[in-house]
Each structure stands twice: as structure tokens, then as C-alpha cells.
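Peer 1: Got a structure for you, questions after.
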Amino acid sequence: MTQNSSPPAQPAHRSTVITGGPDRAAARSYLRAAGLDDADFQRPLIAVVNTWSSVTPCNMHLGDLAEPVRRGVREAGGVPIDFNTIVVTDGISMGTPGMKASLISREIIADSIELAVQGHQLDGVICIVGCDKTIPAAAMALARMNLPGCVLYGGTIMAGRHAGKDISIQDVFEAIGAHGAGTLDDEGLRAVEKAACPGAGACGGQFTANTMAMALSMLGLSPMGANDVPAVHRDKSAEAERCGRTVVELVARGRTARAFITRESLWNAAVATSASGGSTNAVLHLTAIAAEAGVAFGVEDCHAACEAAPVICDLKPGGRFLAHDLFSAGGTRLVAKRLMEAGRIKDAPTVSGRTLFEEAREAAETAGQQVVRDFSSPVIPRGSYAVIYGDVAPEGAVIKLAGHDIAQFEGPARVFDGEEAAFEAVQAGAIQEGDVVVIRYEGPRGGPGMQEMLRVTAALKGRGLQDVALITDGRFSGASYGFVIGHVTPEAAVGGPIALIQDGDIIRVDVPARTINVAADLTGRRATAPQRPAPVGAFAKYAALVASASQGAVTIPNPPRAQARAT
């Protein structure tokens, strides 16, 4: 009798193509060397994708979170298979050539997750994320592969403490501006620098990381409540274990990512972004996630969501509180409950197996909390950003509205072909009240990489300049605030009108009218692009492939075109 060398008959897992049958003996041999056995070959194989790195507090604890995730996977009957991918930290690279790598890393992370998981035909995916680009990248990869999966955010950092008040990394960037203005000495700057970041966790305000962590909970890709728990909180390990169990349950139920990424859930995420006073980067990331999922959801949808959701969370950068305060007040569940009760969001499924509204109804509001208000008394009676159009931005731009109540702004352009030159001008005292700072050739293709302008916005604040506008085809940190307009499209590098603006041109922005125009005849003007070294490697690939910011700056072929503004 011939002995069968293959293990017992396999269940209908996708990974059977790797582990099942006599012809897969070699593959099983490798897997046995990695610690798997016959019983494991009959279980779902779950990718545990980690963005751990020792370079940043945002991600430095994620290696520790992987073990409770694995434990949860095993308890639910799955087999954890570990992979790692990269992170580029905005806060560290800000204002250096490294900042150009940040948004590009989003695509590299999504690509690497896809290749590792598809290359081994795994059954489900859990992504452990921290710093800004790792969060949307994980969602983009899940959307692209359409496999069962969820995302666990490593959590916010706790507040730093200086001069009797809570501080965050935002205060350090503003202290740099004050130091440049001569109002803060070396010792004072060093004191702020040393106090701002007390340990593990992502930037503490409703900056990009915490904004996108909330967005993924509202999107249904993260179990409600898991992302809210701060990085160093005693309950974080239990949430990681819950996420590990969740992904195995999703495999068992056959619930894939696109069951959760829909127009309704993207709307919910965009509404929560506005209501929380979140980062304008969410526009870029939500439209990118939608593009990967094949869902028609663009910048005009984001604008409509903002019109539906005045800011009800008093969070930094424009407000008073930090993300750990929101957690203590009631977290994302409480925000979702407010939005549900006001009829601003739509019920939708989530990876927990319960609907968004079922999760929201379980919100526990802390008595006396001041972080989340009612719609009867919002922090700002309008949304946190708007999409505007005009001579300067025919295909749209995003203006940040949280942190100010300005309806119109008019002033002379001060034009800079790059972020570095603009920062030097601010620090030299060359920018005056009433100026409109224009920073161009920093778009997705022109950078390449669409770097953030936090150094410039923070320097303006640190120098006490209140009446200055900033316009760019680059983007802004979630920590930026003030009258700032980014994502100008078309960008300068592809011949957008922003390339034709000259010093002294009068630029007028009208928020209620949603317009951004220049009082100059641009006809006949010729743009002269700055001389920069040609990009190489990943930068060159990105510049060749990247779509407009109005399409999420994705690198997939044929992303959906941005919608025209409704008239």
C-alpha cells in the first residue's frame, strides 16, 4: 500500500494552494522549518504585518503589541505569520530632504503588504500601525487585496509636561519659530524639546495619526475602541488580543475588506474627521482608500461631509485637548454617538460583527468631560476644512478651517519655489502681516512626494504672525493650523496656474463662496521650474506614476477622476 505523503484533507482556506496536496510537499517542508505542523496546515494562516521601528515613539512599541495579537490569532484557531514593513516618520524628517519620502512611503507600505500576503496566499491580515502613513497604507492594502483583515493602531502618546501645562510635538515646532524670532532662548527651546514626547505613541493631538485612527474605526476596519486606547495604557494588550481574534473570525465568516469600505462608511469617516477638527491629510487618504477599493468617493464628497459636520471636539491643533483626553472622555464611540443622534452618519457594518450604530449606542460619557460637545454648542459652527476652486486651483484645493474663523483673506503673494526657501524667509523676518505665502513645486510629482509645511506654519505662529495666509501644492501636517490652503491642483510641476503667480499678485480667498483667485492676467506668463537633481530610485518611480492630489496621489493605474464641483 502506497503511503500518502500529504497531510489530511484541507478546509477551503485560500492558503490551501500553498499547503495542500502532494505537490506542495516542498512548501510544507519550508513551513515546517519555520515551526508549522500538520494541524497548522488546516488552519487559516494570518499575516501579522508590523510597522515596528526603533526610530520613532509612534512605532517603537509595536513589536511588543505583536505578541498579544498572535495570542489572539492562536486562541481563535488561526496561525500567525509575521512580516514587517517600513515607516517614515514625518516629525523627524520634517524640513529635511527626508520629508519627501513620507507620502511615498504610503505606497511602498501598501505595495509591500500586498506582495508579502499575496506571495504566500495567506487567508487574512492584521496590520499593526503607528505613524501617519502606515495607517492609510494598511487600509489601502486591505482594499486592494479584498481579503479578511483589520487594522490595529498602536495608540497615542501621552502629553508632555512643561511650565505647568500639557504639551505636544506641536509646541516644539512653534518653539522653533519663537526661538528664530528671538523670544525664546536656547535653554527654553531645549526645555520644550526634552519635555514634549514622554514615551511611546503617535503625536498627541488630533493630528494625522489620530485622525486616521478615528477614521478607520468609523470606516469599520478597526474594532471600535481599540484604536482609542493610548500606547502605554494597561488595556492596550487586551485590545491587541481582541484584534487578533477578530481577523480569524472575519476569515471564518468570509467578510472581506470591501464589505466595510463603502460610500457610506467613507462618508462616516469623513464626517468624523470634520467633527473632530482633524487633519486635512484625511482628504488625501480617504480618497486613496476609496480608489483602491474601486469606490467612487472624492474630494467633493469630503467637502459635503464637512458641510454636514461642524467641529464638536475641542482638540489640538486648533483646540485645547489631546487624544488621550478624548479617550478619557468617551473616545470615538462618544463622537459616533453624537453624530448618530444628530443624523450626520449612516449605519454600516464593522469588523467587530456589530454595526456602527450598535457600537455607538454603547458609548460611556465621562461626567463633566469638556472634550466632546453637543451640536447645539459646537466648537466651530462649520466643518474643519473645505474644498475650494478658482484661478489658482481649477481642480481644487483644501483649506483648513479649524483654529480660525476667517471668512475672506486678500493679500500680496510672496512666492517660493520650495519649502526650505519659505522657512528661511519666515525665520529671517521677511514675511509680514497680510502676506500670502505661496509655496510651489512641492506637489506629489514636483517634490516629488508632497512634503508637509509644518515647519513654516509653526514658525509663523512662533513668531506671533496671525494675519498671514499660506498656499501650497504640497500638504500640511495635522499639527498645522491657521489660514492654510494645500493640495492645490493642478500642481506647479504639471503646469498648474500656481506656477505662474508672481510676487505682489493679489490673491483673494473667499471661504463661503469656495473660491481662490488671483487678480492678475496669467495669460502669456511662462513658468520657470526650479533646478533640482532628477529624482532616482523610488522617488523617480513615484514621480512617473503618481496621480493628482485631487485623486488621492495614488500610484495605481487609472484612479477615478475628481468630481467637478456641483453648481
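Naming works like this for the C-alpha cells: A, B, ... for the chains as they're shown, residue 1 at the start of each chain, ligands 1 onward in shown order.
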Which residues of range 50-103 of chain A come within 12 Å of range 530-537 of chain A, and what is each one's closest atom pair and distance in Å (one decimal), counting only C-alpha atoms, sorted by chain and residue number, as a Markdown table?

Peer 2:
| residue | atom | partner | partner_atom | distance |
| --- | --- | --- | --- | --- |
| A:Pro97 | CA | A:Pro535 | CA | 11.7 |
| A:Lys100 | CA | A:Pro535 | CA | 10.8 |
| A:Ala101 | CA | A:Gly537 | CA | 11.4 |

Peer 1: Could you dump the residues just selected with N, CA and C atoms as a PDB file, in the first residue's frame?

Peer 2:
ATOM      1  N   PRO A  97      15.375  66.881   3.389  1.00  0.00           N
ATOM      2  CA  PRO A  97      15.065  66.124   2.170  1.00  0.00           C
ATOM      3  C   PRO A  97      14.325  64.822   2.452  1.00  0.00           C
ATOM      4  N   LYS A 100      10.393  64.304   1.839  1.00  0.00           N
ATOM      5  CA  LYS A 100       9.838  63.925   0.540  1.00  0.00           C
ATOM      6  C   LYS A 100       9.504  62.436   0.485  1.00  0.00           C
ATOM      7  N   ALA A 101      10.091  61.655   1.388  1.00  0.00           N
ATOM      8  CA  ALA A 101       9.852  60.212   1.398  1.00  0.00           C
ATOM      9  C   ALA A 101       8.546  59.832   2.102  1.00  0.00           C
TER      10      ALA A 101
END

Peer 1: Under the rule that only C-alpha atoms are counted, which of A:Lys316, A:Arg14, A:Arg361, A:Arg263 is the nearest residue to His120 in chain A?

Peer 2: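 Looking at the shortest contact to His120 in chain A, the residue is A:Arg14.
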
Peer 1: Would you pick out the contacts of Leu500 in chain A at 12 Å or less, using only C-alpha atoms, so that residues sharing its chain but fewer than 6 positions from it are not included, and give the list as number ranges by chain?

Peer 2: A: 391-393, 413, 415-417, 438, 440-441, 490-494, 518, 520-529

Peer 1: Taking only C-alpha atoms into account, which of A:Val55, A:Met140, A:Ile380, A:Cys203 comes nearest Ala291 in chain A?

Peer 2: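 Of all the options, A:Met140 lies closest to Ala291 in chain A.
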
Peer 1: Give the helix (DSSP H, G or I) residues of range 197-385 of chain A, as assigned by DSSP on the backbone, as an NGL selection string.

Peer 2: :A and (208-219 or 236-253 or 257-259 or 263-275 or 281-293 or 299-307 or 323-329 or 331-341 or 356-360)

Peer 1: Go through A:Ala195, A:Ala252, A:Leu216, A:Leu152 and flag the residue nearest Gly124 in chain A, using only C-alpha atoms for the distances.

Peer 2: A:Ala252

Peer 1: What is the CA of Ser15 in chain A-CA of Gln42 in chain A distance in Å, reported with one decimal?

Peer 2: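 According to the coordinates, CA of Ser15 in chain A and CA of Gln42 in chain A are separated by 9.1 Å.
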
Peer 1: Find the nearest atom pair between each residue of range 369-428 of chain A and range 330-351 of chain A for residues within 10 Å, count only C-alpha atoms, give distances in Å to one decimal, sort rows by chain and ascending number, and present the table as a Markdown table.

Peer 2:
| residue | atom | partner | partner_atom | distance |
| --- | --- | --- | --- | --- |
| A:Gln369 | CA | A:Gly330 | CA | 8.5 |
| A:Val371 | CA | A:Gly330 | CA | 9.1 |
| A:Val372 | CA | A:Val335 | CA | 6.9 |
| A:Arg373 | CA | A:Arg338 | CA | 8.4 |
| A:Asp374 | CA | A:Arg338 | CA | 6.9 |
| A:Phe375 | CA | A:Ala342 | CA | 7.4 |
| A:Ser376 | CA | A:Ala342 | CA | 9.9 |

Peer 1: Set the distance at 8 Å and use only C-alpha atoms: which residues neighbour Ala47 in chain A once local chain neighbours fewer than 2 positions away are removed? I'd like the list as a VMD selection string.

Peer 2: chain A and resid 45 49 80 to 83 117 122 to 126

Peer 1: Just want the 12 Å neighbourhood of Met145 in chain A, counted on only C-alpha atoms, with same-chain residues fewer than 4 positions away dropped. Output as an NGL selection string.

Peer 2: :A and (110-119 or 121-125 or 138-141 or 149 or 256-258 or 289 or 292-294)

Peer 1: Please produce a file of those selected residues containing N, CA, C and O atoms, as an mmCIF file, in the first residue's frame.

Peer 2:
data_model
loop_
_atom_site.group_PDB
_atom_site.id
_atom_site.type_symbol
_atom_site.label_atom_id
_atom_site.label_comp_id
_atom_site.auth_asym_id
_atom_site.auth_seq_id
_atom_site.Cartn_x
_atom_site.Cartn_y
_atom_site.Cartn_z
ATOM 1 N N ALA A 110 1.868 49.956 1.338
ATOM 2 C CA ALA A 110 0.734 49.227 0.771
ATOM 3 C C ALA A 110 1.222 48.153 -0.198
ATOM 4 O O ALA A 110 0.734 47.007 -0.180
ATOM 5 N N ASP A 111 2.188 48.505 -1.040
ATOM 6 C CA ASP A 111 2.722 47.537 -2.003
ATOM 7 C C ASP A 111 3.360 46.348 -1.283
ATOM 8 O O ASP A 111 3.192 45.187 -1.689
ATOM 9 N N SER A 112 4.141 46.639 -0.236
ATOM 10 C CA SER A 112 4.874 45.557 0.434
ATOM 11 C C SER A 112 3.922 44.626 1.181
ATOM 12 O O SER A 112 4.143 43.408 1.226
ATOM 13 N N ILE A 113 2.857 45.186 1.767
ATOM 14 C CA ILE A 113 1.853 44.331 2.410
ATOM 15 C C ILE A 113 1.215 43.422 1.366
ATOM 16 O O ILE A 113 1.083 42.205 1.566
ATOM 17 N N GLU A 114 0.815 44.018 0.250
ATOM 18 C CA GLU A 114 0.190 43.233 -0.820
ATOM 19 C C GLU A 114 1.112 42.109 -1.287
ATOM 20 O O GLU A 114 0.674 40.945 -1.416
ATOM 21 N N LEU A 115 2.374 42.423 -1.536
ATOM 22 C CA LEU A 115 3.279 41.427 -2.086
ATOM 23 C C LEU A 115 3.562 40.305 -1.099
ATOM 24 O O LEU A 115 3.601 39.122 -1.484
ATOM 25 N N ALA A 116 3.749 40.634 0.181
ATOM 26 C CA ALA A 116 4.014 39.592 1.174
ATOM 27 C C ALA A 116 2.818 38.665 1.340
ATOM 28 O O ALA A 116 2.964 37.436 1.400
ATOM 29 N N VAL A 117 1.631 39.250 1.408
ATOM 30 C CA VAL A 117 0.427 38.449 1.637
ATOM 31 C C VAL A 117 0.051 37.653 0.398
ATOM 32 O O VAL A 117 -0.254 36.453 0.470
ATOM 33 N N GLN A 118 0.077 38.302 -0.762
ATOM 34 C CA GLN A 118 -0.283 37.597 -1.990
ATOM 35 C C GLN A 118 0.781 36.576 -2.375
ATOM 36 O O GLN A 118 0.472 35.514 -2.928
ATOM 37 N N GLY A 119 2.028 36.885 -2.087
ATOM 38 C CA GLY A 119 3.110 35.967 -2.416
ATOM 39 C C GLY A 119 3.028 34.652 -1.672
ATOM 40 O O GLY A 119 3.553 33.634 -2.126
ATOM 41 N N GLN A 121 -0.106 33.670 -0.327
ATOM 42 C CA GLN A 121 -1.522 33.279 -0.413
ATOM 43 C C GLN A 121 -2.132 33.057 0.972
ATOM 44 O O GLN A 121 -2.800 32.061 1.243
ATOM 45 N N LEU A 122 -1.918 34.032 1.850
ATOM 46 C CA LEU A 122 -2.419 33.928 3.210
ATOM 47 C C LEU A 122 -3.911 34.240 3.255
ATOM 48 O O LEU A 122 -4.473 34.845 2.344
ATOM 49 N N ASP A 123 -4.543 33.829 4.349
ATOM 50 C CA ASP A 123 -6.008 33.860 4.421
ATOM 51 C C ASP A 123 -6.570 35.156 4.991
ATOM 52 O O ASP A 123 -7.700 35.538 4.672
ATOM 53 N N GLY A 124 -5.833 35.807 5.850
ATOM 54 C CA GLY A 124 -6.292 37.046 6.466
ATOM 55 C C GLY A 124 -5.113 37.896 6.869
ATOM 56 O O GLY A 124 -3.962 37.434 6.866
ATOM 57 N N VAL A 125 -5.392 39.142 7.240
ATOM 58 C CA VAL A 125 -4.328 40.111 7.507
ATOM 59 C C VAL A 125 -4.714 40.980 8.695
ATOM 60 O O VAL A 125 -5.843 41.489 8.757
ATOM 61 N N ALA A 138 -2.175 50.687 5.335
ATOM 62 C CA ALA A 138 -2.759 49.399 5.714
ATOM 63 C C ALA A 138 -4.161 49.254 5.133
ATOM 64 O O ALA A 138 -4.520 48.201 4.593
ATOM 65 N N ALA A 139 -4.957 50.307 5.239
ATOM 66 C CA ALA A 139 -6.321 50.260 4.690
ATOM 67 C C ALA A 139 -6.291 50.125 3.176
ATOM 68 O O ALA A 139 -7.116 49.406 2.579
ATOM 69 N N MET A 140 -5.355 50.811 2.525
ATOM 70 C CA MET A 140 -5.237 50.718 1.071
ATOM 71 C C MET A 140 -4.882 49.299 0.640
ATOM 72 O O MET A 140 -5.416 48.774 -0.349
ATOM 73 N N ALA A 141 -3.973 48.666 1.368
ATOM 74 C CA ALA A 141 -3.589 47.295 1.027
ATOM 75 C C ALA A 141 -4.763 46.337 1.205
ATOM 76 O O ALA A 141 -5.000 45.462 0.355
ATOM 77 N N GLY A 149 -9.556 41.205 6.973
ATOM 78 C CA GLY A 149 -8.466 41.868 7.677
ATOM 79 C C GLY A 149 -8.943 43.015 8.528
ATOM 80 O O GLY A 149 -10.072 43.498 8.385
ATOM 81 N N THR A 256 -14.730 40.208 3.788
ATOM 82 C CA THR A 256 -13.524 40.834 3.265
ATOM 83 C C THR A 256 -13.589 42.351 3.377
ATOM 84 O O THR A 256 -14.636 42.931 3.685
ATOM 85 N N ALA A 257 -12.461 42.986 3.106
ATOM 86 C CA ALA A 257 -12.320 44.421 3.384
ATOM 87 C C ALA A 257 -13.353 45.276 2.662
ATOM 88 O O ALA A 257 -13.852 46.267 3.206
ATOM 89 N N ARG A 258 -13.681 44.931 1.433
ATOM 90 C CA ARG A 258 -14.594 45.775 0.673
ATOM 91 C C ARG A 258 -16.036 45.673 1.165
ATOM 92 O O ARG A 258 -16.878 46.481 0.747
ATOM 93 N N ILE A 289 -7.917 55.473 -0.292
ATOM 94 C CA ILE A 289 -8.530 54.203 0.126
ATOM 95 C C ILE A 289 -9.710 53.878 -0.779
ATOM 96 O O ILE A 289 -9.877 52.732 -1.218
ATOM 97 N N GLU A 292 -8.481 52.605 -4.147
ATOM 98 C CA GLU A 292 -8.004 51.220 -4.073
ATOM 99 C C GLU A 292 -9.167 50.232 -4.004
ATOM 100 O O GLU A 292 -9.071 49.097 -4.484
ATOM 101 N N ALA A 293 -10.271 50.644 -3.384
ATOM 102 C CA ALA A 293 -11.432 49.770 -3.242
ATOM 103 C C ALA A 293 -12.366 49.838 -4.444
ATOM 104 O O ALA A 293 -13.344 49.079 -4.511
ATOM 105 N N GLY A 294 -12.076 50.759 -5.377
ATOM 106 C CA GLY A 294 -12.946 50.921 -6.525
ATOM 107 C C GLY A 294 -14.260 51.595 -6.203
ATOM 108 O O GLY A 294 -15.265 51.393 -6.886
#
